[in-house]
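Reproduced below: my_file-v6.cif, with mmCIF, C-alpha atoms.
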data_final
loop_
_atom_site.label_atom_id
_atom_site.label_comp_id
_atom_site.auth_asym_id
_atom_site.auth_seq_id
_atom_site.Cartn_x
_atom_site.Cartn_y
_atom_site.Cartn_z
CA MET A 1 -42.73 126.16 -60.02
CA ALA A 2 -41.50 129.71 -60.74
CA SER A 3 -38.48 130.51 -62.91
CA SER A 4 -36.75 133.84 -63.43
CA VAL A 5 -35.22 135.09 -66.64
CA THR A 6 -33.35 138.40 -66.74
CA LEU A 7 -33.13 140.30 -69.99
CA GLY A 8 -31.91 143.87 -69.96
CA SER A 9 -32.58 145.36 -66.56
CA CYS A 10 -35.87 143.66 -65.78
CA PRO A 11 -36.34 140.13 -64.40
CA TRP A 12 -39.17 138.17 -66.00
CA VAL A 13 -40.77 135.75 -63.55
CA LEU A 14 -42.87 132.97 -64.99
CA HIS A 15 -44.62 129.98 -63.50
CA HIS A 16 -44.37 126.46 -64.79
CA HIS A 17 -47.79 124.83 -65.16
CA PRO A 18 -47.34 121.22 -66.27
CA SER A 19 -51.02 120.84 -67.02
CA THR A 20 -50.85 123.48 -69.76
CA GLN A 21 -47.81 122.17 -71.57
CA SER A 22 -48.23 121.64 -75.26
CA LYS A 23 -47.65 118.19 -76.64
CA THR A 24 -46.95 119.49 -80.11
CA PRO A 25 -43.27 120.36 -80.47
CA ARG A 26 -41.31 122.71 -82.69
CA SER A 27 -38.51 122.07 -85.16
CA ARG A 28 -35.06 122.11 -83.59
CA SER A 29 -33.54 123.85 -86.57
CA PRO A 30 -31.95 127.22 -85.97
CA SER A 31 -33.76 128.51 -89.04
CA LEU A 32 -35.69 131.68 -88.42
CA ILE A 33 -37.77 132.64 -91.43
CA THR A 34 -37.82 129.90 -94.01
CA LEU A 35 -40.59 130.38 -96.53
CA LYS A 36 -40.01 131.90 -99.96
CA LEU A 37 -40.27 135.64 -100.50
CA ILE A 38 -43.59 135.31 -102.28
CA SER A 39 -45.21 134.30 -98.99
CA LEU A 40 -43.74 137.18 -96.99
CA THR A 41 -46.91 138.98 -95.89
CA PRO A 42 -48.14 137.37 -92.67
CA LYS A 43 -51.75 136.42 -92.18
CA ARG A 44 -51.92 138.68 -89.17
CA SER A 45 -50.87 142.19 -90.12
CA VAL A 46 -47.73 143.73 -88.66
CA SER A 47 -49.75 146.85 -87.84
CA SER A 48 -50.30 146.90 -91.64
CA ALA A 49 -47.66 146.79 -94.34
CA SER A 50 -46.77 150.47 -93.92
CA HIS A 51 -45.44 151.86 -90.64
CA THR A 52 -45.11 155.50 -89.73
CA ILE A 53 -42.71 157.46 -87.58
CA SER A 54 -43.19 161.14 -86.81
CA SER A 55 -40.25 162.79 -85.07
CA SER A 56 -36.58 163.08 -85.95
CA LEU A 57 -35.68 160.92 -82.96
CA VAL A 58 -37.40 157.79 -81.69
CA THR A 59 -38.95 158.29 -78.26
CA LYS A 60 -40.89 156.09 -75.87
CA GLU A 61 -44.13 157.37 -77.29
CA ASP A 62 -43.42 156.62 -80.95
CA SER A 63 -41.38 153.45 -80.55
CA ASN A 64 -44.53 151.37 -81.02
CA LEU A 65 -44.76 152.54 -84.67
CA ARG A 66 -48.28 153.86 -84.24
CA SER A 67 -47.55 157.59 -84.21
CA THR A 68 -49.05 159.98 -86.70
CA THR A 69 -46.59 160.68 -89.44
CA SER A 70 -44.66 163.18 -91.43
CA SER A 71 -42.96 160.39 -93.35
CA SER A 72 -44.12 156.86 -94.10
CA PHE A 73 -42.01 153.72 -93.99
CA ASP A 74 -43.07 150.69 -96.03
CA PHE A 75 -41.44 147.73 -94.32
CA MET A 76 -42.52 145.09 -96.81
CA SER A 77 -41.11 147.03 -99.74
CA TYR A 78 -37.90 147.59 -97.79
CA ILE A 79 -37.27 143.97 -96.89
CA LEU A 80 -38.18 142.74 -100.38
CA ARG A 81 -35.83 145.28 -101.94
CA LYS A 82 -32.96 144.47 -99.59
CA ALA A 83 -33.53 140.71 -99.90
CA ASP A 84 -33.35 141.05 -103.68
CA SER A 85 -30.01 142.84 -103.37
CA VAL A 86 -28.75 140.08 -101.06
CA ASN A 87 -29.93 137.35 -103.45
CA ARG A 88 -28.09 138.94 -106.35
CA ALA A 89 -24.94 139.33 -104.24
CA LEU A 90 -25.08 135.69 -103.12
CA ASP A 91 -25.61 134.48 -106.68
CA SER A 92 -22.54 136.44 -107.76
CA ALA A 93 -20.42 135.37 -104.79
CA VAL A 94 -21.00 131.63 -105.30
CA PRO A 95 -21.11 131.04 -109.07
CA LEU A 96 -21.62 127.65 -110.67
CA ARG A 97 -18.10 126.46 -111.48
CA GLU A 98 -15.85 123.44 -111.11
CA PRO A 99 -16.14 121.22 -109.21
CA LEU A 100 -19.73 121.44 -110.36
CA LYS A 101 -21.39 119.10 -107.89
CA ILE A 102 -20.21 120.88 -104.75
CA HIS A 103 -21.10 124.30 -106.12
CA GLU A 104 -24.51 123.02 -107.22
CA ALA A 105 -25.12 121.76 -103.70
CA MET A 106 -23.96 125.04 -102.14
CA ARG A 107 -26.17 127.09 -104.45
CA TYR A 108 -29.16 124.74 -104.02
CA SER A 109 -29.51 125.67 -100.37
CA LEU A 110 -28.00 129.17 -100.45
CA LEU A 111 -30.38 130.37 -103.17
CA ALA A 112 -33.43 128.39 -102.05
CA GLY A 113 -35.35 131.47 -100.96
CA GLY A 114 -36.14 132.73 -97.51
CA LYS A 115 -36.66 136.27 -96.33
CA ARG A 116 -32.96 136.96 -95.60
CA VAL A 117 -33.64 138.39 -92.14
CA ARG A 118 -30.02 138.12 -91.00
CA PRO A 119 -28.40 139.88 -93.95
CA VAL A 120 -31.16 142.51 -94.00
CA LEU A 121 -30.55 143.07 -90.29
CA CYS A 122 -26.84 143.48 -91.03
CA ILE A 123 -27.52 146.06 -93.73
CA ALA A 124 -30.08 147.96 -91.65
CA ALA A 125 -27.65 148.14 -88.72
CA CYS A 126 -24.94 149.48 -91.02
CA GLU A 127 -27.27 152.13 -92.39
CA LEU A 128 -28.42 153.06 -88.89
CA VAL A 129 -24.90 154.12 -87.87
CA GLY A 130 -24.25 156.02 -91.09
CA GLY A 131 -22.89 153.38 -93.46
CA GLU A 132 -24.14 152.35 -96.89
CA GLU A 133 -25.51 149.03 -98.11
CA SER A 134 -22.41 148.34 -100.19
CA LEU A 135 -20.21 148.42 -97.09
CA ALA A 136 -22.33 145.80 -95.34
CA MET A 137 -23.08 143.46 -98.25
CA PRO A 138 -20.02 141.16 -97.89
CA ALA A 139 -20.74 140.77 -94.17
CA ALA A 140 -24.44 140.23 -94.90
CA CYS A 141 -23.59 137.51 -97.41
CA ALA A 142 -21.15 135.88 -95.00
CA VAL A 143 -23.82 135.68 -92.31
CA GLU A 144 -26.29 134.11 -94.75
CA MET A 145 -23.71 131.58 -95.93
CA ILE A 146 -23.13 130.49 -92.34
CA HIS A 147 -26.85 130.37 -91.64
CA THR A 148 -27.33 128.16 -94.70
CA MET A 149 -24.51 125.89 -93.52
CA SER A 150 -26.28 125.49 -90.17
CA LEU A 151 -29.52 124.52 -91.93
CA ILE A 152 -27.81 121.95 -94.17
CA HIS A 153 -26.05 120.32 -91.23
CA ASP A 154 -29.08 120.54 -88.94
CA ASP A 155 -31.20 118.61 -91.43
CA LEU A 156 -28.77 115.69 -91.61
CA PRO A 157 -29.85 112.25 -90.34
CA CYS A 158 -27.39 112.50 -87.43
CA MET A 159 -29.07 115.72 -86.31
CA ASP A 160 -32.76 116.42 -87.04
CA ASN A 161 -33.08 113.95 -89.92
CA ASP A 162 -35.38 116.30 -91.82
CA ASP A 163 -36.62 115.88 -95.38
CA LEU A 164 -38.07 119.35 -95.96
CA ARG A 165 -36.55 122.83 -95.87
CA ARG A 166 -38.14 125.97 -97.32
CA GLY A 167 -40.71 123.78 -98.99
CA LYS A 168 -38.07 121.76 -100.88
CA PRO A 169 -36.22 118.49 -100.25
CA THR A 170 -33.29 119.02 -97.92
CA ASN A 171 -29.77 119.14 -99.30
CA HIS A 172 -28.77 115.62 -98.32
CA LYS A 173 -31.94 114.24 -99.92
CA VAL A 174 -30.85 115.72 -103.24
CA TYR A 175 -27.06 115.40 -103.15
CA GLY A 176 -26.43 112.73 -100.51
CA GLU A 177 -25.14 113.06 -96.98
CA ASP A 178 -21.48 113.21 -97.99
CA VAL A 179 -21.89 116.13 -100.39
CA ALA A 180 -24.28 117.91 -98.02
CA VAL A 181 -21.68 117.85 -95.25
CA LEU A 182 -19.06 119.18 -97.63
CA ALA A 183 -21.39 121.86 -99.00
CA GLY A 184 -21.94 123.14 -95.47
CA ASP A 185 -18.21 123.05 -94.78
CA ALA A 186 -17.50 124.96 -97.97
CA LEU A 187 -20.05 127.65 -97.17
CA LEU A 188 -18.60 128.04 -93.67
CA SER A 189 -15.03 128.54 -94.86
CA PHE A 190 -15.98 130.73 -97.81
CA ALA A 191 -18.03 133.01 -95.57
CA PHE A 192 -14.86 134.17 -93.84
CA GLU A 193 -12.93 134.42 -97.09
CA HIS A 194 -15.68 136.56 -98.58
CA LEU A 195 -15.91 138.83 -95.53
CA ALA A 196 -12.15 139.35 -95.48
CA SER A 197 -11.58 139.80 -99.22
CA ALA A 198 -14.75 141.44 -100.54
CA THR A 199 -15.27 144.13 -97.89
CA SER A 200 -14.61 147.61 -99.26
CA SER A 201 -11.27 149.30 -98.59
CA ASP A 202 -13.35 152.12 -97.11
CA VAL A 203 -13.70 149.86 -94.07
CA SER A 204 -10.50 149.90 -92.04
CA PRO A 205 -8.53 146.64 -91.68
CA ALA A 206 -9.00 146.85 -87.91
CA ARG A 207 -12.77 146.84 -88.33
CA VAL A 208 -12.65 143.94 -90.78
CA VAL A 209 -10.58 141.91 -88.29
CA ARG A 210 -13.03 142.82 -85.54
CA ALA A 211 -15.93 141.67 -87.71
CA VAL A 212 -14.22 138.36 -88.46
CA GLY A 213 -13.68 137.78 -84.74
CA GLU A 214 -17.29 138.56 -83.89
CA LEU A 215 -18.60 136.18 -86.53
CA ALA A 216 -16.27 133.37 -85.50
CA LYS A 217 -17.28 133.70 -81.86
CA ALA A 218 -20.98 133.69 -82.75
CA ILE A 219 -20.86 130.28 -84.41
CA GLY A 220 -18.35 128.42 -82.25
CA THR A 221 -18.42 126.98 -78.75
CA GLU A 222 -19.47 130.36 -77.36
CA GLY A 223 -22.33 130.64 -79.82
CA LEU A 224 -24.30 128.46 -82.21
CA VAL A 225 -22.39 125.23 -81.52
CA ALA A 226 -22.83 125.65 -77.76
CA GLY A 227 -26.56 126.08 -78.23
CA GLN A 228 -26.80 123.04 -80.49
CA VAL A 229 -24.95 120.83 -78.04
CA ALA A 230 -27.09 122.01 -75.13
CA ASP A 231 -30.20 121.40 -77.22
CA ILE A 232 -29.16 117.86 -78.10
CA SER A 233 -28.26 117.17 -74.46
CA SER A 234 -31.70 118.34 -73.32
CA GLU A 235 -33.54 115.55 -75.12
CA GLY A 236 -35.63 113.52 -72.71
CA LEU A 237 -34.81 115.61 -69.62
CA ASP A 238 -37.43 115.73 -66.90
CA LEU A 239 -39.10 119.15 -66.80
CA ASN A 240 -38.54 119.22 -63.04
CA ASP A 241 -34.78 119.10 -63.65
CA VAL A 242 -34.60 122.03 -66.08
CA GLY A 243 -35.92 125.57 -66.17
CA LEU A 244 -36.22 128.65 -68.30
CA ASP A 245 -32.59 129.56 -67.69
CA HIS A 246 -31.53 126.35 -69.47
CA LEU A 247 -33.92 126.97 -72.36
CA GLU A 248 -32.75 130.58 -72.63
CA PHE A 249 -29.12 129.43 -72.79
CA ILE A 250 -29.95 127.13 -75.70
CA HIS A 251 -31.68 129.77 -77.77
CA LEU A 252 -29.47 132.73 -76.93
CA HIS A 253 -26.65 130.64 -78.37
CA LYS A 254 -28.31 128.53 -81.04
CA THR A 255 -30.60 131.17 -82.54
CA ALA A 256 -29.89 134.63 -81.16
CA ALA A 257 -26.09 134.51 -81.51
CA LEU A 258 -26.08 134.67 -85.31
CA LEU A 259 -28.73 137.41 -85.33
CA GLU A 260 -26.64 139.30 -82.80
CA ALA A 261 -23.57 138.89 -85.01
CA SER A 262 -25.54 140.16 -88.00
CA ALA A 263 -26.40 143.44 -86.29
CA VAL A 264 -22.97 143.83 -84.72
CA LEU A 265 -21.16 143.23 -88.03
CA GLY A 266 -23.35 145.86 -89.66
CA GLY A 267 -22.52 148.31 -86.91
CA ILE A 268 -18.81 147.58 -87.16
CA VAL A 269 -18.41 147.94 -90.92
CA GLY A 270 -20.76 150.94 -90.93
CA GLY A 271 -18.42 152.84 -88.64
CA GLY A 272 -20.57 152.73 -85.50
CA SER A 273 -19.26 153.76 -82.11
CA ASP A 274 -18.75 151.17 -79.38
CA GLU A 275 -21.92 152.40 -77.65
CA GLU A 276 -23.98 152.11 -80.84
CA ILE A 277 -22.63 148.63 -81.53
CA GLU A 278 -23.49 147.44 -78.03
CA ARG A 279 -27.04 148.78 -78.33
CA LEU A 280 -27.39 146.93 -81.62
CA ARG A 281 -26.06 143.80 -79.90
CA LYS A 282 -28.70 143.99 -77.16
CA PHE A 283 -31.45 144.74 -79.67
CA ALA A 284 -30.52 141.73 -81.80
CA ARG A 285 -30.20 139.48 -78.76
CA CYS A 286 -33.76 140.33 -77.78
CA ILE A 287 -35.22 139.80 -81.24
CA GLY A 288 -33.22 136.58 -81.58
CA LEU A 289 -34.82 135.16 -78.46
CA LEU A 290 -38.14 136.64 -79.55
CA PHE A 291 -37.87 134.81 -82.86
CA GLN A 292 -37.40 131.48 -81.09
CA VAL A 293 -40.31 132.04 -78.73
CA VAL A 294 -42.53 132.86 -81.71
CA ASP A 295 -41.10 129.87 -83.58
CA ASP A 296 -42.11 127.59 -80.72
CA ILE A 297 -45.59 129.11 -80.63
CA LEU A 298 -46.04 128.67 -84.39
CA ASP A 299 -44.91 125.07 -84.18
CA VAL A 300 -47.71 124.42 -81.71
CA THR A 301 -50.33 126.18 -83.81
CA LYS A 302 -49.31 125.73 -87.48
CA SER A 303 -48.94 122.85 -89.93
CA SER A 304 -45.84 121.78 -91.87
CA GLN A 305 -47.42 123.19 -95.02
CA GLU A 306 -47.93 126.58 -93.40
CA LEU A 307 -44.42 126.65 -91.94
CA GLY A 308 -42.60 125.35 -95.03
CA LYS A 309 -40.67 122.91 -92.82
CA THR A 310 -41.50 119.82 -90.84
CA ALA A 311 -43.54 120.51 -87.72
CA GLY A 312 -43.72 118.09 -84.80
CA LYS A 313 -40.09 116.93 -84.75
CA ASP A 314 -39.57 117.79 -81.09
CA LEU A 315 -42.41 115.59 -79.92
CA ILE A 316 -40.45 112.55 -80.99
CA ALA A 317 -37.17 113.95 -79.63
CA ASP A 318 -38.88 115.17 -76.43
CA LYS A 319 -37.33 118.62 -76.82
CA LEU A 320 -37.75 121.62 -74.57
CA THR A 321 -39.85 124.49 -75.95
CA TYR A 322 -41.28 127.65 -74.41
CA PRO A 323 -44.90 126.48 -74.62
CA LYS A 324 -43.84 123.18 -73.07
CA LEU A 325 -42.24 124.92 -70.08
CA MET A 326 -44.44 128.00 -69.78
CA GLY A 327 -47.70 127.27 -71.51
CA LEU A 328 -48.93 128.98 -74.65
CA GLU A 329 -50.31 132.18 -73.13
CA LYS A 330 -47.24 132.85 -70.96
CA SER A 331 -45.08 132.28 -74.03
CA ARG A 332 -47.05 134.95 -75.88
CA GLU A 333 -46.65 137.35 -72.97
CA PHE A 334 -42.90 136.70 -72.92
CA ALA A 335 -42.71 137.42 -76.64
CA GLU A 336 -44.44 140.76 -76.12
CA LYS A 337 -41.98 141.69 -73.39
CA LEU A 338 -38.97 140.79 -75.55
CA ASN A 339 -40.37 142.96 -78.33
CA ARG A 340 -40.64 145.94 -75.96
CA GLU A 341 -37.13 145.43 -74.62
CA ALA A 342 -35.69 145.20 -78.12
CA ARG A 343 -37.32 148.45 -79.17
CA ASP A 344 -36.11 150.23 -76.05
CA GLN A 345 -32.53 149.70 -77.24
CA LEU A 346 -33.22 151.90 -80.27
CA LEU A 347 -34.55 154.94 -78.42
CA GLY A 348 -32.77 158.13 -79.47
CA PHE A 349 -31.67 157.02 -82.93
CA ASP A 350 -32.80 158.97 -85.99
CA SER A 351 -36.32 157.80 -86.79
CA ASP A 352 -35.82 157.42 -90.53
CA LYS A 353 -32.75 155.24 -90.09
CA VAL A 354 -34.15 153.17 -87.23
CA ALA A 355 -37.51 152.50 -88.93
CA PRO A 356 -36.44 149.21 -90.59
CA LEU A 357 -35.21 147.75 -87.30
CA LEU A 358 -38.34 148.75 -85.38
CA ALA A 359 -40.52 147.32 -88.13
CA LEU A 360 -38.45 144.13 -88.21
CA ALA A 361 -39.02 143.61 -84.49
CA THR A 362 -42.76 144.07 -84.97
CA TYR A 363 -42.78 141.70 -87.92
CA ILE A 364 -40.93 138.99 -85.99
CA ALA A 365 -43.36 139.32 -83.10
CA ASN A 366 -46.40 139.00 -85.38
CA ARG A 367 -45.21 136.65 -88.10
CA GLN A 368 -47.35 133.66 -89.03
CA ASN A 369 -44.72 131.40 -90.60
#
Produce structure tokens that represent the structure in this file.
Amino acid sequence: MASSVTLGSCPWVLHHHPSTQSKTPRSRSPSLITLKLISLTPKRSVSSASHTISSSLVTKEDSNLRSTTSSSFDFMSYILRKADSVNRALDSAVPLREPLKIHEAMRYSLLAGGKRVRPVLCIAACELVGGEESLAMPAACAVEMIHTMSLIHDDLPCMDNDDLRRGKPTNHKVYGEDVAVLAGDALLSFAFEHLASATSSDVSPARVVRAVGELAKAIGTEGLVAGQVADISSEGLDLNDVGLDHLEFIHLHKTAALLEASAVLGGIVGGGSDEEIERLRKFARCIGLLFQVVDDILDVTKSSQELGKTAGKDLIADKLTYPKLMGLEKSREFAEKLNREARDQLLGFDSDKVAPLLALATYIANRQN
């Protein structure tokens, strides 16, 4: 059975081979990178820790980050540095105060580690269009607060019923289901308050309002929630009744939508043009779907200890995954194509400013946890 998926301008035709479907499922959580910063470096190199870019503009030839260089970009140092800035901003934004229990629960999950891909993406997008880190930090924090909310709620017994997140007991295991629900709710509402009140006055009110609208859309019934509902509804469906278009809908909404919002918010607050913002949107949409394809592949090939979260949850729930529909090798080929399409969206940008985004796409494609 052949299925067609269109991303960008090119259709991607894949064949469904039931005999090659994996029986080992992935976690349904929308989490992307979940291990602590200390375990950042993947077992398989992302073309080594340092990437190089040679010309003042990114072209087809150098978009694969293998060109000879006049300047060197160290991706690992960059993401660690930016993640540290985000961690300090989050710690400051959500201090431990009364009522203590709810703030403890919020901080427990918000400051539990992780590589902060979404906020780093937000900051890198802002810097790409000429903005500074300080302009993007409130938006970056808001995105991470909402991501953390989604993890807390996704781990609840009524959803994935998971006991492990980022190598630690899940929020409801520590604080109870009632407080966990409220902690997620509090992070969701505060994210918008923080974005609206903490963004610099150097960003115009019109751009702040636009950013708020983008973020709201990304997590509602046109974004994350839509993907979650479609994912839940897909449990137990016969593979003959669903295809790649259905799986793509789930993950473009459940996973890619918040990554897309991260890049778009960075472009908005950084002063990007409409054209630049739309290119960032398409780039993030591709790497968001790429992340999920890789996540599914890792869930087939890695253990819970290696992933830092529970593997094998979808086998019980009979969830749809890319390896299940396409087979492992076709899933890997699809991931490679998404990586190429994402990078194509960045052609023509200044090479120094675009280097973090190109390196992030490569890292996502090659990550091992």
Evaluating the PyMOL selection byres ((chain A and resi 254) around 12) on the displayed file yields which residues, as a VMD selection string? chain A and resid 28 to 32 147 150 to 151 154 218 to 232 247 to 253 255 to 260 285 288 to 289 291 to 292
Please provide the set of residues having any atom within 9 Å of Val120 of chain A, restricted to only C-alpha atoms, with same-chain residues fewer than 2 positions apart removed, written as a compact mmCIF listing (two decimals) with C-alpha atoms, in the frame of the given file.
# COMPACT_ATOMS: atom_id res chain seq x y z
CA ILE A 79 -37.27 143.97 -96.89
CA LYS A 82 -32.96 144.47 -99.59
CA ALA A 83 -33.53 140.71 -99.90
CA VAL A 86 -28.75 140.08 -101.06
CA LYS A 115 -36.66 136.27 -96.33
CA ARG A 116 -32.96 136.96 -95.60
CA VAL A 117 -33.64 138.39 -92.14
CA ARG A 118 -30.02 138.12 -91.00
CA CYS A 122 -26.84 143.48 -91.03
CA ILE A 123 -27.52 146.06 -93.73
CA ALA A 124 -30.08 147.96 -91.65
CA ALA A 125 -27.65 148.14 -88.72
CA ALA A 140 -24.44 140.23 -94.90
CA SER A 262 -25.54 140.16 -88.00
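The spacing separating atom CA of Asp238 of chain A from atom CA of Asn161 of chain A amounts to 23.5 Å.
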I want to know what sits within 7 Å of segment 359-361 of chain A, based on only C-alpha atoms, with residues of the same chain fewer than 2 positions away left out; could you give that as an NGL selection string? :A and (75 or 287 or 339 or 355-357 or 363-365)
Just how far from atom CA of Ala191 of chain A is atom CA of Ala142 of chain A, in Å to one decimal? 4.3 Å
In terms of the shortest atom-to-atom distance over only C-alpha atoms, which of A:Met76, A:Pro205, A:Cys158, A:Ser109 is closest to Thr170 of chain A? A:Ser109
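Comparing A:Ala105, A:Leu195, A:Ala183, A:Leu188 by their smallest distance to Met137 of chain A, the closest is A:Leu195 (using only C-alpha atoms).
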Spatial sel., origin (-25.7, 149.1, -93.7), limit 10 Å, only C-alpha atoms, listed as a PDB file with C-alpha atoms, in the frame of the given file:
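What ended up in selection-v8.pdb:
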ATOM      1  CA  PRO A 119     -28.400 139.880 -93.950  1.00  0.00           C
ATOM      2  CA  VAL A 120     -31.160 142.510 -94.000  1.00  0.00           C
ATOM      3  CA  LEU A 121     -30.550 143.070 -90.290  1.00  0.00           C
ATOM      4  CA  CYS A 122     -26.840 143.480 -91.030  1.00  0.00           C
ATOM      5  CA  ILE A 123     -27.520 146.060 -93.730  1.00  0.00           C
ATOM      6  CA  ALA A 124     -30.080 147.960 -91.650  1.00  0.00           C
ATOM      7  CA  ALA A 125     -27.650 148.140 -88.720  1.00  0.00           C
ATOM      8  CA  CYS A 126     -24.940 149.480 -91.020  1.00  0.00           C
ATOM      9  CA  GLU A 127     -27.270 152.130 -92.390  1.00  0.00           C
ATOM     10  CA  LEU A 128     -28.420 153.060 -88.890  1.00  0.00           C
ATOM     11  CA  VAL A 129     -24.900 154.120 -87.870  1.00  0.00           C
ATOM     12  CA  GLY A 130     -24.250 156.020 -91.090  1.00  0.00           C
ATOM     13  CA  GLY A 131     -22.890 153.380 -93.460  1.00  0.00           C
ATOM     14  CA  GLU A 132     -24.140 152.350 -96.890  1.00  0.00           C
ATOM     15  CA  GLU A 133     -25.510 149.030 -98.110  1.00  0.00           C
ATOM     16  CA  SER A 134     -22.410 148.340-100.190  1.00  0.00           C
ATOM     17  CA  LEU A 135     -20.210 148.420 -97.090  1.00  0.00           C
ATOM     18  CA  ALA A 136     -22.330 145.800 -95.340  1.00  0.00           C
ATOM     19  CA  MET A 137     -23.080 143.460 -98.250  1.00  0.00           C
ATOM     20  CA  ALA A 139     -20.740 140.770 -94.170  1.00  0.00           C
ATOM     21  CA  ALA A 140     -24.440 140.230 -94.900  1.00  0.00           C
ATOM     22  CA  ALA A 263     -26.400 143.440 -86.290  1.00  0.00           C
ATOM     23  CA  LEU A 265     -21.160 143.230 -88.030  1.00  0.00           C
ATOM     24  CA  GLY A 266     -23.350 145.860 -89.660  1.00  0.00           C
ATOM     25  CA  GLY A 267     -22.520 148.310 -86.910  1.00  0.00           C
ATOM     26  CA  ILE A 268     -18.810 147.580 -87.160  1.00  0.00           C
ATOM     27  CA  VAL A 269     -18.410 147.940 -90.920  1.00  0.00           C
ATOM     28  CA  GLY A 270     -20.760 150.940 -90.930  1.00  0.00           C
ATOM     29  CA  GLY A 271     -18.420 152.840 -88.640  1.00  0.00           C
TER      30      GLY A 271
END
Pairwise distance, atom CA of Arg281 of chain A with atom CA of Ser204 of chain A, equals 20.7 Å
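Residue nearest Glu341 of chain A, chosen from A:Ser197, A:Pro323, A:Met159, A:Thr362 and counting all atoms listed in the file: A:Thr362.
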List the spatial neighbours of Pro138 of chain A as number ranges by chain - criterion: any atom at most 6 Å away, all atoms listed in the file, same-chain residues fewer than 3 positions off excluded. A: 141, 195, 198-199
Using only C-alpha atoms: which of A:Leu111, A:Ile277, A:Ile102, A:Val242 has the shortest distance to His172 of chain A: A:Ile102
Within 10 Å of Gln345 of chain A, counting all atoms listed in the file, which residues show up once you throw out same-chain ones fewer than 4 positions away? Write them as a ChimeraX atom specification, please. /A:8,276,278-284,286,340-341,349
Spatial neighbours of Ala196 of chain A, max dist 8 Å, all atoms listed in the file, sep filter under 6 positions, as a ChimeraX atom specification: /A:208-209,212
I need the residues from that last selection saved to file as an mmCIF file, in the frame of the given file (with C-alpha atoms), if you can.
data_model
loop_
_atom_site.group_PDB
_atom_site.id
_atom_site.type_symbol
_atom_site.label_atom_id
_atom_site.label_comp_id
_atom_site.auth_asym_id
_atom_site.auth_seq_id
_atom_site.Cartn_x
_atom_site.Cartn_y
_atom_site.Cartn_z
ATOM 1 C CA VAL A 208 -12.650 143.940 -90.780
ATOM 2 C CA VAL A 209 -10.580 141.910 -88.290
ATOM 3 C CA VAL A 212 -14.220 138.360 -88.460
#
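Distance check against Phe190 of chain A using all atoms listed in the file: of A:Ile152, A:Val174, A:Ala206, A:Met145, the minimum falls on A:Met145.
With distances taken over all atoms listed in the file, A:Val294 is the one residue among A:Leu80, A:Ala211, A:Leu347, A:Val294 lying closest to Asn366 of chain A.
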Since the input lacks some atoms of segment 211-222 of chain A, please model N, CA and C atoms and print them as a JSON list (two decimals), in the coordinates of the input.
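This is the output file part12.json:
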[["chain", "number", "residue", "atom", "x", "y", "z"],
["A", 211, "ALA", "N", -14.74, 142.34, -87.19],
["A", 211, "ALA", "CA", -15.93, 141.67, -87.71],
["A", 211, "ALA", "C", -15.71, 140.17, -87.84],
["A", 212, "VAL", "N", -14.54, 139.78, -88.33],
["A", 212, "VAL", "CA", -14.22, 138.36, -88.46],
["A", 212, "VAL", "C", -14.25, 137.69, -87.09],
["A", 213, "GLY", "N", -13.68, 138.34, -86.09],
["A", 213, "GLY", "CA", -13.68, 137.78, -84.74],
["A", 213, "GLY", "C", -15.07, 137.63, -84.16],
["A", 214, "GLU", "N", -15.91, 138.62, -84.38],
["A", 214, "GLU", "CA", -17.29, 138.56, -83.89],
["A", 214, "GLU", "C", -18.05, 137.41, -84.52],
["A", 215, "LEU", "N", -17.88, 137.24, -85.82],
["A", 215, "LEU", "CA", -18.60, 136.18, -86.53],
["A", 215, "LEU", "C", -18.13, 134.81, -86.09],
["A", 216, "ALA", "N", -16.82, 134.65, -85.94],
["A", 216, "ALA", "CA", -16.27, 133.37, -85.50],
["A", 216, "ALA", "C", -16.79, 132.99, -84.12],
["A", 217, "LYS", "N", -16.81, 133.96, -83.22],
["A", 217, "LYS", "CA", -17.28, 133.70, -81.86],
["A", 217, "LYS", "C", -18.76, 133.31, -81.84],
["A", 218, "ALA", "N", -19.53, 133.93, -82.74],
["A", 218, "ALA", "CA", -20.98, 133.69, -82.75],
["A", 218, "ALA", "C", -21.35, 132.28, -83.17],
["A", 219, "ILE", "N", -20.48, 131.60, -83.89],
["A", 219, "ILE", "CA", -20.86, 130.28, -84.41],
["A", 219, "ILE", "C", -20.08, 129.14, -83.77],
["A", 220, "GLY", "N", -19.17, 129.45, -82.87],
["A", 220, "GLY", "CA", -18.35, 128.42, -82.25],
["A", 220, "GLY", "C", -18.90, 127.94, -80.92],
["A", 221, "THR", "N", -18.00, 127.54, -80.04],
["A", 221, "THR", "CA", -18.42, 126.98, -78.75],
["A", 221, "THR", "C", -18.90, 128.04, -77.77],
["A", 222, "GLU", "N", -18.85, 129.30, -78.16],
["A", 222, "GLU", "CA", -19.47, 130.36, -77.36],
["A", 222, "GLU", "C", -20.74, 130.87, -78.03]]
